[in-house]
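Engineer: Data: upload.tsv, TSV, C-alpha atoms.
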chain	number	residue	atom	x	y	z
L	1	MET	CA	87.75	125.29	184.01
L	2	LYS	CA	89.20	126.46	180.74
L	3	LYS	CA	89.01	123.61	178.23
L	4	PHE	CA	90.25	125.40	175.10
L	5	GLY	CA	92.72	128.23	174.72
L	6	LYS	CA	91.84	131.43	172.96
L	7	TYR	CA	93.54	130.48	169.66
L	8	SER	CA	93.36	126.71	169.85
L	9	HIS	CA	90.91	126.43	166.91
L	10	ILE	CA	93.34	128.30	164.68
L	11	LYS	CA	96.23	126.13	165.84
L	12	ARG	CA	94.21	123.02	164.97
L	13	LEU	CA	93.37	124.44	161.56
L	14	PHE	CA	97.05	125.10	160.87
L	15	GLY	CA	97.87	121.63	162.09
L	16	ILE	CA	95.47	120.08	159.57
L	17	TYR	CA	96.71	122.39	156.82
L	18	PHE	CA	100.37	121.59	157.33
L	19	GLY	CA	99.55	117.92	157.75
L	20	PHE	CA	98.01	117.83	154.29
L	21	LEU	CA	100.82	119.94	152.84
L	22	PHE	CA	103.34	117.51	154.26
L	23	LEU	CA	101.45	114.54	152.78
L	24	PHE	CA	101.21	116.30	149.42
L	25	LEU	CA	104.94	117.03	149.33
L	26	ILE	CA	105.77	113.43	150.22
L	27	LEU	CA	103.40	111.87	147.68
L	28	ARG	CA	104.07	114.32	144.83
L	29	PRO	CA	107.32	112.79	143.54
L	30	PHE	CA	105.70	109.36	143.45
L	31	LEU	CA	102.59	110.48	141.59
L	32	ILE	CA	104.26	112.45	138.79
L	33	PRO	CA	105.48	110.20	135.96
L	34	LYS	CA	109.24	110.04	135.63
L	35	SER	CA	109.76	111.78	132.32
L	36	PHE	CA	107.03	114.37	132.81
L	37	GLY	CA	108.24	117.89	132.06
L	38	LYS	CA	111.46	116.89	130.33
L	39	PHE	CA	110.52	118.68	127.09
L	40	GLY	CA	107.31	120.35	128.14
L	41	HIS	CA	104.06	119.77	129.97
L	42	TYR	CA	103.84	116.12	128.98
L	43	ARG	CA	105.43	112.71	129.49
L	44	ALA	CA	108.57	112.60	127.32
L	45	SER	CA	108.50	108.79	127.17
L	46	SER	CA	105.13	109.00	125.42
L	47	ILE	CA	106.96	110.13	122.27
L	48	ASP	CA	108.87	106.85	122.19
L	49	GLU	CA	105.68	104.90	122.82
L	50	ASN	CA	104.17	106.59	119.77
L	51	ILE	CA	107.26	105.88	117.65
L	52	ASN	CA	107.45	102.23	118.66
L	53	LEU	CA	104.05	101.31	117.21
L	54	ASN	CA	104.15	98.66	114.50
L	55	THR	CA	104.14	99.64	110.85
L	56	LYS	CA	101.90	97.56	108.63
L	57	TYR	CA	102.56	99.11	105.24
L	58	ALA	CA	105.97	98.31	103.77
L	59	ASP	CA	108.22	100.29	101.44
L	60	ILE	CA	107.54	99.83	97.71
L	61	LYS	CA	111.16	98.97	96.85
L	62	ASP	CA	110.88	95.84	98.96
L	63	CYS	CA	108.56	94.16	96.43
L	64	LYS	CA	111.11	94.29	93.62
L	65	GLU	CA	113.43	91.72	95.14
L	66	CYS	CA	111.08	88.76	94.71
L	67	HIS	CA	108.49	89.99	92.21
L	68	GLU	CA	110.71	91.60	89.62
L	69	LYS	CA	108.51	90.70	86.63
L	70	GLU	CA	105.38	92.15	88.17
L	71	TYR	CA	107.28	95.19	89.33
L	72	ASN	CA	108.62	95.86	85.84
L	73	ASP	CA	105.17	95.28	84.32
L	74	VAL	CA	103.69	97.94	86.51
L	75	MET	CA	106.54	100.36	85.94
L	76	ASN	CA	106.11	100.22	82.16
L	77	PHE	CA	102.43	101.13	82.10
L	78	SER	CA	100.14	103.84	83.29
L	79	HIS	CA	99.81	102.33	86.76
L	80	LYS	CA	103.46	103.11	87.44
L	81	ASN	CA	102.64	105.73	90.06
L	82	LEU	CA	100.70	103.20	92.08
L	83	ASN	CA	102.09	101.56	95.17
L	84	CYS	CA	101.65	97.78	95.23
L	85	GLN	CA	99.80	98.08	98.53
L	86	ILE	CA	96.97	100.17	97.09
L	87	CYS	CA	95.47	97.02	95.61
L	88	HIS	CA	97.25	94.27	97.58
L	89	GLY	CA	96.77	95.66	101.09
L	90	ALA	CA	99.33	96.08	103.87
L	91	LEU	CA	102.38	93.92	103.16
L	92	SER	CA	104.74	94.20	106.14
L	93	ASN	CA	103.51	90.81	107.39
L	94	HIS	CA	104.08	89.29	103.99
L	95	LEU	CA	107.66	90.61	103.93
L	96	GLU	CA	108.46	88.90	107.21
L	97	SER	CA	106.84	85.54	106.51
L	98	PRO	CA	105.86	85.33	102.82
L	99	ASP	CA	104.19	81.92	103.10
L	100	GLU	CA	102.03	82.66	106.08
L	101	PHE	CA	100.57	85.99	104.98
L	102	LYS	CA	99.45	86.27	101.39
L	103	PRO	CA	98.64	89.60	99.76
L	104	ASN	CA	95.07	90.36	98.76
L	105	ILE	CA	94.31	89.73	95.14
L	106	VAL	CA	91.53	91.97	93.94
L	107	SER	CA	89.82	91.26	90.68
L	108	GLN	CA	86.31	92.59	91.28
L	109	LYS	CA	84.94	95.24	89.01
L	110	SER	CA	83.85	97.31	91.99
L	111	PHE	CA	87.49	97.79	93.01
L	112	CYS	CA	88.54	99.14	89.60
L	113	LEU	CA	85.53	101.45	89.63
L	114	LEU	CA	86.72	103.11	92.85
L	115	CYS	CA	89.09	105.11	90.65
L	116	HIS	CA	87.71	104.65	87.12
L	117	ALA	CA	83.96	105.14	87.46
L	118	GLU	CA	82.68	108.31	85.86
L	119	ILE	CA	81.27	110.33	88.77
L	120	GLU	CA	80.79	113.95	89.67
L	121	ALA	CA	83.85	115.83	90.93
L	122	ARG	CA	86.38	113.36	89.50
L	123	PRO	CA	89.02	115.31	87.51
L	124	SER	CA	89.25	114.45	83.81
L	125	SER	CA	92.98	113.70	84.13
L	126	ILE	CA	92.08	110.11	85.00
L	127	LYS	CA	90.50	107.60	82.60
L	128	GLN	CA	86.84	107.04	83.44
L	129	ILE	CA	84.10	104.75	82.18
L	130	ASP	CA	80.35	104.83	82.50
L	131	GLU	CA	79.71	101.58	84.35
L	132	LYS	CA	76.24	101.23	82.82
L	133	GLU	CA	77.51	101.43	79.24
L	134	HIS	CA	81.10	100.23	79.01
L	135	PHE	CA	80.76	96.40	78.73
L	136	LYS	CA	78.43	96.36	81.70
L	137	ASP	CA	78.22	92.58	82.03
L	138	GLU	CA	81.93	91.88	81.63
L	139	GLU	CA	84.58	91.87	84.34
L	140	CYS	CA	87.36	94.43	83.86
L	141	ILE	CA	90.09	91.79	83.97
L	142	SER	CA	88.70	89.92	80.97
L	143	CYS	CA	90.12	92.72	78.78
L	144	HIS	CA	92.54	94.70	80.98
L	145	LEU	CA	95.34	93.35	83.14
L	146	PRO	CA	95.75	95.47	86.27
L	147	HIS	CA	99.57	95.38	86.07
L	148	SER	CA	99.59	96.49	82.42
L	149	PRO	CA	96.15	97.95	81.86
L	150	ASN	CA	96.35	98.41	78.08
L	151	LEU	CA	94.13	96.01	76.13
L	152	LYS	CA	95.22	92.37	76.16
S	1	MET	CA	90.47	178.47	112.73
S	2	LYS	CA	88.66	178.01	115.97
S	3	ARG	CA	90.40	176.55	118.96
S	4	ARG	CA	88.14	173.49	118.96
S	5	GLU	CA	89.00	172.65	115.37
S	6	PHE	CA	92.67	173.23	115.99
S	7	ILE	CA	92.76	170.80	118.87
S	8	LYS	CA	90.74	168.27	116.87
S	9	SER	CA	93.10	168.36	113.92
S	10	ILE	CA	96.16	168.09	116.16
S	11	LEU	CA	94.68	165.11	118.00
S	12	GLY	CA	93.54	163.56	114.72
S	13	PHE	CA	97.00	163.91	113.23
S	14	PHE	CA	98.60	161.99	116.05
S	15	LEU	CA	95.88	159.47	116.83
S	16	THR	CA	94.65	158.20	113.46
S	17	PRO	CA	97.87	156.39	112.51
S	18	ILE	CA	97.76	154.52	115.79
S	19	PHE	CA	94.19	153.36	115.35
S	20	LYS	CA	94.67	152.66	111.67
S	21	ASN	CA	97.66	150.46	112.36
S	22	GLU	CA	95.69	148.59	114.94
S	23	ILE	CA	92.83	147.99	112.53
S	24	ILE	CA	95.17	146.84	109.80
S	25	SER	CA	97.09	144.51	112.07
S	26	ASN	CA	93.81	142.94	113.12
S	27	LEU	CA	92.84	142.35	109.53
S	28	ILE	CA	96.06	140.67	108.47
S	29	ILE	CA	95.77	137.01	109.21
S	30	SER	CA	99.14	135.41	109.00
S	31	THR	CA	98.41	131.93	107.83
S	32	PHE	CA	101.88	130.54	107.59
S	33	LYS	CA	104.01	130.21	110.62
S	34	TYR	CA	107.15	128.50	109.53
S	35	GLY	CA	108.64	126.52	112.33
S	36	LYS	CA	112.09	125.08	112.13
S	37	ASN	CA	112.46	121.42	111.31
S	38	LYS	CA	108.69	120.81	111.32
S	39	TYR	CA	106.65	118.36	109.31
S	40	GLY	CA	103.89	119.51	107.03
S	41	MET	CA	101.59	118.21	104.31
S	42	VAL	CA	100.30	119.75	101.12
S	43	ILE	CA	97.05	118.44	99.65
S	44	ASP	CA	96.51	119.12	95.97
S	45	ILE	CA	92.74	119.22	95.60
S	46	SER	CA	92.78	119.31	91.81
S	47	LYS	CA	94.53	115.92	91.79
S	48	CYS	CA	92.31	114.04	94.26
S	49	ILE	CA	90.03	111.53	92.52
S	50	GLY	CA	88.10	110.44	95.59
S	51	CYS	CA	89.05	106.76	95.48
S	52	GLY	CA	89.23	106.55	99.28
S	53	ARG	CA	92.40	104.43	99.38
S	54	CYS	CA	93.99	106.79	101.90
S	55	VAL	CA	91.05	106.30	104.25
S	56	LYS	CA	91.29	102.52	103.90
S	57	ALA	CA	95.06	102.39	104.38
S	58	CYS	CA	94.94	104.76	107.35
S	59	LYS	CA	92.38	102.58	109.09
S	60	GLU	CA	94.48	99.49	108.50
S	61	GLU	CA	97.75	101.05	109.60
S	62	ASN	CA	96.48	102.80	112.71
S	63	ASP	CA	93.83	100.34	113.99
S	64	VAL	CA	91.00	102.81	113.52
S	65	PRO	CA	87.70	100.99	114.17
S	66	ASP	CA	85.67	100.23	111.06
S	67	LEU	CA	82.33	100.59	112.80
S	68	PRO	CA	80.95	102.95	113.99
S	69	PHE	CA	82.53	105.15	111.39
S	70	TYR	CA	85.52	106.88	112.92
S	71	PHE	CA	88.30	108.40	110.86
S	72	ARG	CA	91.77	109.82	111.17
S	73	THR	CA	91.47	111.00	107.59
S	74	TRP	CA	88.39	111.22	105.40
S	75	ILE	CA	87.32	112.61	102.03
S	76	GLU	CA	84.53	115.09	101.44
S	77	ARG	CA	82.87	115.72	98.11
S	78	TYR	CA	81.70	119.26	97.40
S	79	LEU	CA	79.09	119.83	94.71
S	80	ILE	CA	78.40	123.49	93.98
S	81	PHE	CA	75.27	123.98	91.86
S	82	GLU	CA	74.66	126.81	89.45
S	83	ASP	CA	72.16	128.48	91.78
S	84	GLY	CA	74.86	128.71	94.45
S	85	GLU	CA	73.68	125.83	96.61
S	86	VAL	CA	76.46	123.75	98.09
S	87	TYR	CA	76.11	120.03	98.76
S	88	VAL	CA	78.76	118.32	100.86
S	89	GLU	CA	78.85	114.59	101.43
S	90	SER	CA	81.22	112.04	102.84
S	91	PRO	CA	79.57	108.59	102.71
S	92	ASN	CA	81.47	106.50	105.27
S	93	GLY	CA	84.35	108.92	104.96
S	94	GLY	CA	84.77	107.87	101.35
S	95	ILE	CA	86.21	104.49	102.28
S	96	GLU	CA	83.99	102.71	99.74
S	97	GLY	CA	84.41	105.43	97.13
S	98	PHE	CA	81.72	107.74	95.84
S	99	LYS	CA	78.67	106.95	93.74
S	100	ARG	CA	77.24	108.77	90.77
S	101	LEU	CA	74.49	111.08	92.03
S	102	ASN	CA	72.90	112.54	88.87
S	103	PRO	CA	71.47	115.56	90.68
S	104	PRO	CA	68.52	117.36	89.04
S	105	LYS	CA	70.31	120.71	89.10
S	106	LYS	CA	73.29	121.63	86.96
S	107	ILE	CA	76.64	121.46	88.71
S	108	ALA	CA	78.84	124.54	88.45
S	109	LYS	CA	81.86	122.84	89.97
S	110	ALA	CA	82.70	119.85	92.06
S	111	PHE	CA	85.78	118.57	93.81
S	112	PHE	CA	87.06	116.26	96.54
S	113	VAL	CA	88.66	117.53	99.72
S	114	PRO	CA	90.66	115.07	101.82
S	115	LYS	CA	90.78	116.08	105.45
S	116	LEU	CA	92.87	115.09	108.43
S	117	CYS	CA	94.33	116.58	111.59
S	118	ASN	CA	95.82	119.94	110.65
S	119	GLN	CA	98.71	119.64	113.14
S	120	CYS	CA	98.23	123.24	114.24
S	121	GLU	CA	101.12	125.34	115.50
S	122	GLU	CA	98.75	126.75	118.13
S	123	PRO	CA	96.66	123.66	118.82
S	124	PRO	CA	93.39	124.30	120.68
S	125	CYS	CA	93.29	120.65	121.73
S	126	VAL	CA	96.58	120.95	123.60
S	127	GLN	CA	95.41	124.11	125.30
S	128	VAL	CA	92.37	122.47	126.86
S	129	CYS	CA	93.96	119.22	128.04
S	130	PRO	CA	93.81	119.29	131.86
S	131	VAL	CA	96.56	116.73	132.42
S	132	GLY	CA	99.09	117.29	129.63
S	133	ALA	CA	98.19	114.12	127.79
S	134	THR	CA	98.27	115.75	124.36
S	135	TYR	CA	101.19	117.85	123.23
S	136	GLU	CA	103.14	119.13	120.28
S	137	THR	CA	106.53	117.56	119.65
S	138	ASP	CA	109.63	119.47	118.52
S	139	ASP	CA	108.98	118.49	114.92
S	140	GLY	CA	105.49	119.95	115.00
S	141	VAL	CA	103.30	116.87	115.30
S	142	VAL	CA	100.51	116.87	117.86
S	143	LEU	CA	100.48	113.52	119.68
S	144	ILE	CA	98.34	111.84	122.31
S	145	ASP	CA	99.71	110.15	125.43
S	146	LYS	CA	97.16	107.37	125.69
S	147	LYS	CA	98.47	106.01	128.97
S	148	TYR	CA	98.27	109.33	130.76
S	149	CYS	CA	94.98	110.49	129.22
S	150	ILE	CA	92.01	110.53	131.58
S	151	GLY	CA	89.48	110.41	128.75
S	152	CYS	CA	87.58	113.61	129.52
S	153	GLY	CA	87.10	114.38	125.84
S	154	TYR	CA	87.66	118.14	126.04
S	155	CYS	CA	90.12	117.98	123.15
S	156	VAL	CA	87.53	116.28	120.94
S	157	GLN	CA	85.23	119.24	121.49
S	158	ALA	CA	87.98	121.84	121.18
S	159	CYS	CA	89.21	120.75	117.74
S	160	PRO	CA	87.74	123.18	115.18
S	161	TYR	CA	88.41	120.70	112.35
S	162	GLY	CA	86.64	117.71	113.87
S	163	ALA	CA	89.81	115.68	113.52
S	164	ARG	CA	89.56	113.84	116.83
S	165	TYR	CA	87.28	110.99	117.75
S	166	PHE	CA	86.80	108.94	120.88
S	167	HIS	CA	88.29	105.49	120.39
S	168	PRO	CA	85.81	102.93	121.75
S	169	LYS	CA	88.52	100.39	122.68
S	170	THR	CA	91.25	102.45	124.33
S	171	LYS	CA	88.64	104.87	125.77
S	172	THR	CA	90.87	107.77	124.84
S	173	PRO	CA	90.67	110.28	122.00
S	174	ASP	CA	92.56	109.37	118.85
S	175	LYS	CA	93.60	111.33	115.80
S	176	CYS	CA	96.01	111.56	112.89
S	177	THR	CA	99.66	111.69	113.96
S	178	PHE	CA	101.13	112.04	110.43
S	179	CYS	CA	101.91	108.33	111.06
S	180	TYR	CA	104.54	109.37	113.60
S	181	HIS	CA	105.71	105.76	113.98
S	182	ARG	CA	106.46	105.69	110.24
S	183	ILE	CA	108.00	109.09	109.59
S	184	LYS	CA	110.42	108.62	112.46
S	185	LYS	CA	111.60	105.40	110.79
S	186	GLY	CA	112.12	107.18	107.48
S	187	LEU	CA	108.90	106.01	105.84
S	188	LEU	CA	106.10	108.12	104.40
S	189	PRO	CA	102.73	108.49	106.13
S	190	VAL	CA	100.52	105.75	104.80
S	191	CYS	CA	97.98	108.05	103.12
S	192	VAL	CA	100.82	109.68	101.16
S	193	LEU	CA	102.24	106.28	100.27
S	194	VAL	CA	99.05	104.86	98.78
S	195	CYS	CA	97.69	107.95	97.01
S	196	PRO	CA	97.53	106.92	93.33
S	197	GLN	CA	97.52	110.53	92.15
S	198	ASN	CA	100.20	111.87	94.50
S	199	ALA	CA	97.64	114.36	95.71
S	200	ARG	CA	99.24	114.36	99.14
S	201	ILE	CA	102.75	115.69	99.52
S	202	PHE	CA	104.64	115.24	102.75
S	203	GLY	CA	107.93	116.42	104.21
S	204	LYS	CA	109.71	118.95	106.34
S	205	ILE	CA	108.45	122.47	105.77
S	206	ASP	CA	111.83	124.21	105.86
S	207	ASP	CA	114.01	121.51	104.30
S	208	PRO	CA	114.96	122.59	100.72
S	209	GLU	CA	115.13	118.91	99.72
S	210	SER	CA	111.57	118.14	100.72
S	211	PRO	CA	108.69	118.29	98.21
S	212	VAL	CA	106.59	120.28	100.67
S	213	TYR	CA	109.17	123.06	100.66
S	214	LYS	CA	108.96	123.23	96.86
S	215	TYR	CA	105.16	123.36	96.92
S	216	ILE	CA	105.12	126.13	99.49
S	217	LYS	CA	107.63	128.07	97.39
S	218	ASP	CA	105.99	127.52	94.01
S	219	TYR	CA	102.24	127.59	94.58
S	220	PRO	CA	99.75	129.76	96.39
S	221	LEU	CA	98.39	127.64	99.22
S	222	GLN	CA	95.58	127.97	101.72
S	223	VAL	CA	94.77	126.51	105.09
S	224	LEU	CA	91.42	125.64	106.64
S	225	LYS	CA	89.82	128.25	108.92
S	226	PRO	CA	92.72	130.74	108.91
S	227	TYR	CA	90.71	133.22	111.00
S	228	LEU	CA	91.08	130.94	114.03
S	229	ARG	CA	94.86	131.50	113.92
S	230	THR	CA	95.62	127.93	114.73
S	231	HIS	CA	98.35	128.02	112.05
S	232	PRO	CA	97.76	124.59	110.52
S	233	LYS	CA	100.61	122.71	108.88
S	234	VAL	CA	98.31	121.01	106.39
S	235	TYR	CA	98.16	123.24	103.33
S	236	TYR	CA	95.66	123.00	100.49
S	237	LYS	CA	96.42	123.80	96.88
S	238	ASP	CA	93.58	124.89	94.55
S	239	MET	CA	91.07	125.11	97.38
S	240	ASP	CA	87.71	126.73	96.72
S	241	MET	CA	86.40	129.32	99.15
S	242	GLU	CA	83.36	127.14	99.86
S	243	VAL	CA	85.54	124.62	101.68
S	244	ARG	CA	85.28	124.89	105.41
I need this file expressed as structure tokens, please.
Structural biologist:
Amino acid sequence: MKKFGKYSHIKRLFGIYFGFLFLFLILRPFLIPKSFGKFGHYRASSIDENINLNTKYADIKDCKECHEKEYNDVMNFSHKNLNCQICHGALSNHLESPDEFKPNIVSQKSFCLLCHAEIEARPSSIKQIDEKEHFKDEECISCHLPHSPNLK
Amino acid sequence: MKRREFIKSILGFFLTPIFKNEIISNLIISTFKYGKNKYGMVIDISKCIGCGRCVKACKEENDVPDLPFYFRTWIERYLIFEDGEVYVESPNGGIEGFKRLNPPKKIAKAFFVPKLCNQCEEPPCVQVCPVGATYETDDGVVLIDKKYCIGCGYCVQACPYGARYFHPKTKTPDKCTFCYHRIKKGLLPVCVLVCPQNARIFGKIDDPESPVYKYIKDYPLQVLKPYLRTHPKVYYKDMDMEVR
């Protein structure tokens, strides 16, 4: 008795092959994300996801509305190029709810020395002090105000 | 003239220009590839004072983990001694500033080099991504699709500038995006915003109004690793040849 035909193994192989091909074609549209390939080989909606992240640093002009005196102080002295947020930290929170989030107030000597310590590689265009000689036991703010850093 | 010489000179006459041209075209490394409407950054090395405020602000803005020390942007200090030895350091990426070293040898020159993702025009990281989770947008910024990323980390290895790191919380790579969420809302990238010396200049490369356009026009600029032909869009002014 002939159980299998001459080409039955090939027919079975084709059956399996087309079965998987059929499954693949059915599942493919569900597995590819919707916006994939709109602009290129990536998900186009990922651009929007990147754009919609929260900003934490605010624009410098925003500070002027409430803190006009401080703003003008800074603008008249050598720190005028500095953004408020360099020393006071990210301020977007503070803009939204000024009472809940307070800006950092830095008065430590170590913070001033980040820019004004005399170290190798620092260009001479910026004022520098030798921290071991220049009033080494005094705090910077006892003589210099950060907003108007000329002598008090 | 013998026949052999005659044939040689004829062949030489026709073939040398071809080979010469080929050699020359291999030597010319076009560094600038001006795309239309693309963002770029110029870093003025002579202005950088190494205060590390850009590193601090970047970490705050983009939720970069403080520890272990990962960075989207960092500052390196190069000390070149008179005997030609080069010492490069970046203590914690420069986030706490730099200390006085007082090295025993005399320093010939020294400078700070801020580094970040170079936003290449031909990004190697995009090439190697197996799923299309990192890509270059129309305005020339290389972004990461963190939802679609499978976290294989090929792109971290492929980046010749070491700009990518593996974020321990999201379990995906992360890198500088020129603060894409800020520039698209009309704000400056946060490192540009907080730089006290305006050592970083940001804008569209081909927009005559943008400061980057003026810098590219007015000053000779360099890019990092031009021989890789990745065509970075972060340009360095006054860069020493020791910088890699």
Engineer: Out of S:Ile150, S:Ile107, S:Leu224, S:Ala199, which residue has the shortest atom-to-atom distance to Val212 of chain S when counting all atoms listed in the file?
Structural biologist: S:Ala199
Engineer: With all atoms listed in the file as the atoms that count, which of L:Tyr71, L:Tyr57, L:Phe22, L:Phe30 lies nearest to Ala57 of chain S?
Structural biologist: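 Using all atoms listed in the file, the shortest distance to Ala57 of chain S belongs to L:Tyr57.
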Engineer: With the cut-off set at 8 Å and counting all atoms listed in the file, tabulate each residue of chain L with an atom at most that distance from an atom of chain S, showing the nearest atom pair and its distance in Å to one decimal, ordered by chain and increasing number, as a tab-separated table.
Structural biologist:
residue	atom	partner	partner_atom	distance
L:His41	CA	S:Gly132	CA	5.6
L:Tyr42	CA	S:Gly132	CA	4.9
L:Arg43	CA	S:Asp145	CA	7.5
L:Ser46	CA	S:Asp145	CA	5.5
L:Ile47	CA	S:Leu143	CA	7.8
L:Asn50	CA	S:His181	CA	6.0
L:Ile51	CA	S:His181	CA	4.0
L:Asn52	CA	S:His181	CA	6.1
L:Leu53	CA	S:His181	CA	5.7
L:Asn54	CA	S:His181	CA	7.3
L:Thr55	CA	S:Arg182	CA	6.5
L:Lys56	CA	S:Glu61	CA	5.5
L:Tyr57	CA	S:Glu61	CA	6.8
L:Asp59	CA	S:Leu187	CA	7.2
L:Asn81	CA	S:Pro196	CA	6.2
L:Leu82	CA	S:Pro196	CA	5.0
L:Asn83	CA	S:Val194	CA	5.8
L:Gln85	CA	S:Val194	CA	6.8
L:Ile86	CA	S:Val194	CA	5.4
L:Gly89	CA	S:Ala57	CA	7.7
L:Ala90	CA	S:Glu60	CA	7.5
L:Leu114	CA	S:Cys51	CA	5.1
L:Cys115	CA	S:Cys51	CA	5.1
L:Glu118	CA	S:Arg100	CA	7.3
L:Ile119	CA	S:Arg100	CA	4.8
L:Glu120	CA	S:Arg100	CA	6.4
L:Ala121	CA	S:Ala110	CA	4.3
L:Arg122	CA	S:Ile49	CA	5.1
L:Pro123	CA	S:Ile49	CA	6.4
L:Ile126	CA	S:Ile49	CA	7.9
Engineer: Using atom CA of Phe101 of chain L and atom CA of Glu68 of chain L as the two end points, give the distance in Å to one decimal.
Structural biologist: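 Taking atom CA of Phe101 of chain L as the start and atom CA of Glu68 of chain L as the end point, the length is 19.2 Å.
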Engineer: Would you mind reading off the distance between atom CA of Val55 of chain S and atom CA of Asp218 of chain S, one decimal, in Å?
Structural biologist: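 If I compute the distance from atom CA of Val55 of chain S to atom CA of Asp218 of chain S, I get 27.9 Å.
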Engineer: Provide the atom CA of Glu209 of chain S to atom CA of Asn37 of chain S distance in Å, to one decimal place.
Structural biologist: 12.2 Å
Engineer: Tell me, as a list in words, which residues lie within 12 Å of Lys132 of chain L, counting all atoms listed in the file; anything in the same chain fewer than 3 positions away does not count.
Structural biologist: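 Non-adjacent residues within range: Leu113, Ala117, Glu118, Ile119, Ile129, Phe135, Lys136, Asp137 and Glu138 of chain L; Arg100 of chain S.
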Engineer: Got a sec: who's within 7 Å of segment 67-73 of chain S, counting all atoms listed in the file, leaving out chain neighbours fewer than 4 positions off, as a list in words?
Structural biologist: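 Returned residues: Val55, Asn92, Lys115, Leu116, Ala163, Tyr165, Lys175 and Cys176 of chain S.
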Engineer: Edge lengths and centre, in Å to one decimal, as AutoDock Vina command-line options: that's what I need for the box along x, y and z that holds all listed atoms of segment 224-238 of chain S plus 4 Å on each side.
Structural biologist:
--center_x 95.2 --center_y 127.1 --center_z 104.6 --size_x 18.8 --size_y 20.2 --size_z 28.2
Engineer: Restricting the calculation to only C-alpha atoms: of L:Lys34, L:Arg12, L:Asn76, L:Cys63, which residue gets closest to Glu96 of chain L?
Structural biologist: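 Among the listed residues, L:Cys63 lies closest to Glu96 of chain L.
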Engineer: Which neighbours of Glu139 of chain L fall inside 9 Å, counting only C-alpha atoms, when residues of the same chain fewer than 4 positions from it are skipped, and could you give them as a PyMOL selection string?
Structural biologist: chain L and resi 107-109+135+143
Engineer: Between S:Lys233, S:Arg244, S:Lys2, S:Lys225, which has the minimum distance to Glu76 of chain S (counting all atoms listed in the file)?
Structural biologist: S:Arg244
Engineer: Using only C-alpha atoms, which residues sit within 10 Å of His147 of chain L once same-chain residues fewer than 5 positions away are excluded, as a PyMOL selection string?
Structural biologist: chain L and resi 70-80+82+84
Engineer: Could you please fill out segment 12-21 of chain L with N, CA, C and O atoms and send it back as a PDB file, in the frame of the given file?
Structural biologist:
ATOM      1  N   ARG L  12      94.660 124.305 165.531  1.00  0.00           N
ATOM      2  CA  ARG L  12      94.210 123.020 164.970  1.00  0.00           C
ATOM      3  C   ARG L  12      94.093 123.107 163.453  1.00  0.00           C
ATOM      4  O   ARG L  12      94.508 122.227 162.713  1.00  0.00           O
ATOM      5  N   LEU L  13      93.530 124.224 163.003  1.00  0.00           N
ATOM      6  CA  LEU L  13      93.370 124.440 161.560  1.00  0.00           C
ATOM      7  C   LEU L  13      94.719 124.405 160.855  1.00  0.00           C
ATOM      8  O   LEU L  13      94.896 123.752 159.835  1.00  0.00           O
ATOM      9  N   PHE L  14      95.705 125.094 161.452  1.00  0.00           N
ATOM     10  CA  PHE L  14      97.050 125.100 160.870  1.00  0.00           C
ATOM     11  C   PHE L  14      97.646 123.705 160.879  1.00  0.00           C
ATOM     12  O   PHE L  14      98.323 123.296 159.936  1.00  0.00           O
ATOM     13  N   GLY L  15      97.366 122.995 162.003  1.00  0.00           N
ATOM     14  CA  GLY L  15      97.870 121.630 162.090  1.00  0.00           C
ATOM     15  C   GLY L  15      97.370 120.783 160.941  1.00  0.00           C
ATOM     16  O   GLY L  15      98.135 120.097 160.264  1.00  0.00           O
ATOM     17  N   ILE L  16      96.056 120.858 160.670  1.00  0.00           N
ATOM     18  CA  ILE L  16      95.470 120.080 159.570  1.00  0.00           C
ATOM     19  C   ILE L  16      96.073 120.519 158.244  1.00  0.00           C
ATOM     20  O   ILE L  16      96.472 119.702 157.410  1.00  0.00           O
ATOM     21  N   TYR L  17      96.198 121.842 158.080  1.00  0.00           N
ATOM     22  CA  TYR L  17      96.710 122.390 156.820  1.00  0.00           C
ATOM     23  C   TYR L  17      98.121 121.889 156.542  1.00  0.00           C
ATOM     24  O   TYR L  17      98.416 121.358 155.475  1.00  0.00           O
ATOM     25  N   PHE L  18      98.984 122.007 157.550  1.00  0.00           N
ATOM     26  CA  PHE L  18     100.370 121.590 157.330  1.00  0.00           C
ATOM     27  C   PHE L  18     100.473 120.073 157.210  1.00  0.00           C
ATOM     28  O   PHE L  18     101.344 119.569 156.502  1.00  0.00           O
ATOM     29  N   GLY L  19      99.579 119.379 157.895  1.00  0.00           N
ATOM     30  CA  GLY L  19      99.550 117.920 157.750  1.00  0.00           C
ATOM     31  C   GLY L  19      99.314 117.520 156.305  1.00  0.00           C
ATOM     32  O   GLY L  19     100.046 116.708 155.728  1.00  0.00           O
ATOM     33  N   PHE L  20      98.303 118.145 155.682  1.00  0.00           N
ATOM     34  CA  PHE L  20      98.010 117.830 154.290  1.00  0.00           C
ATOM     35  C   PHE L  20      99.132 118.285 153.361  1.00  0.00           C
ATOM     36  O   PHE L  20      99.474 117.588 152.413  1.00  0.00           O
ATOM     37  N   LEU L  21      99.707 119.448 153.656  1.00  0.00           N
ATOM     38  CA  LEU L  21     100.820 119.940 152.840  1.00  0.00           C
ATOM     39  C   LEU L  21     101.986 118.971 152.884  1.00  0.00           C
ATOM     40  O   LEU L  21     102.604 118.652 151.857  1.00  0.00           O
TER      41      LEU L  21
END
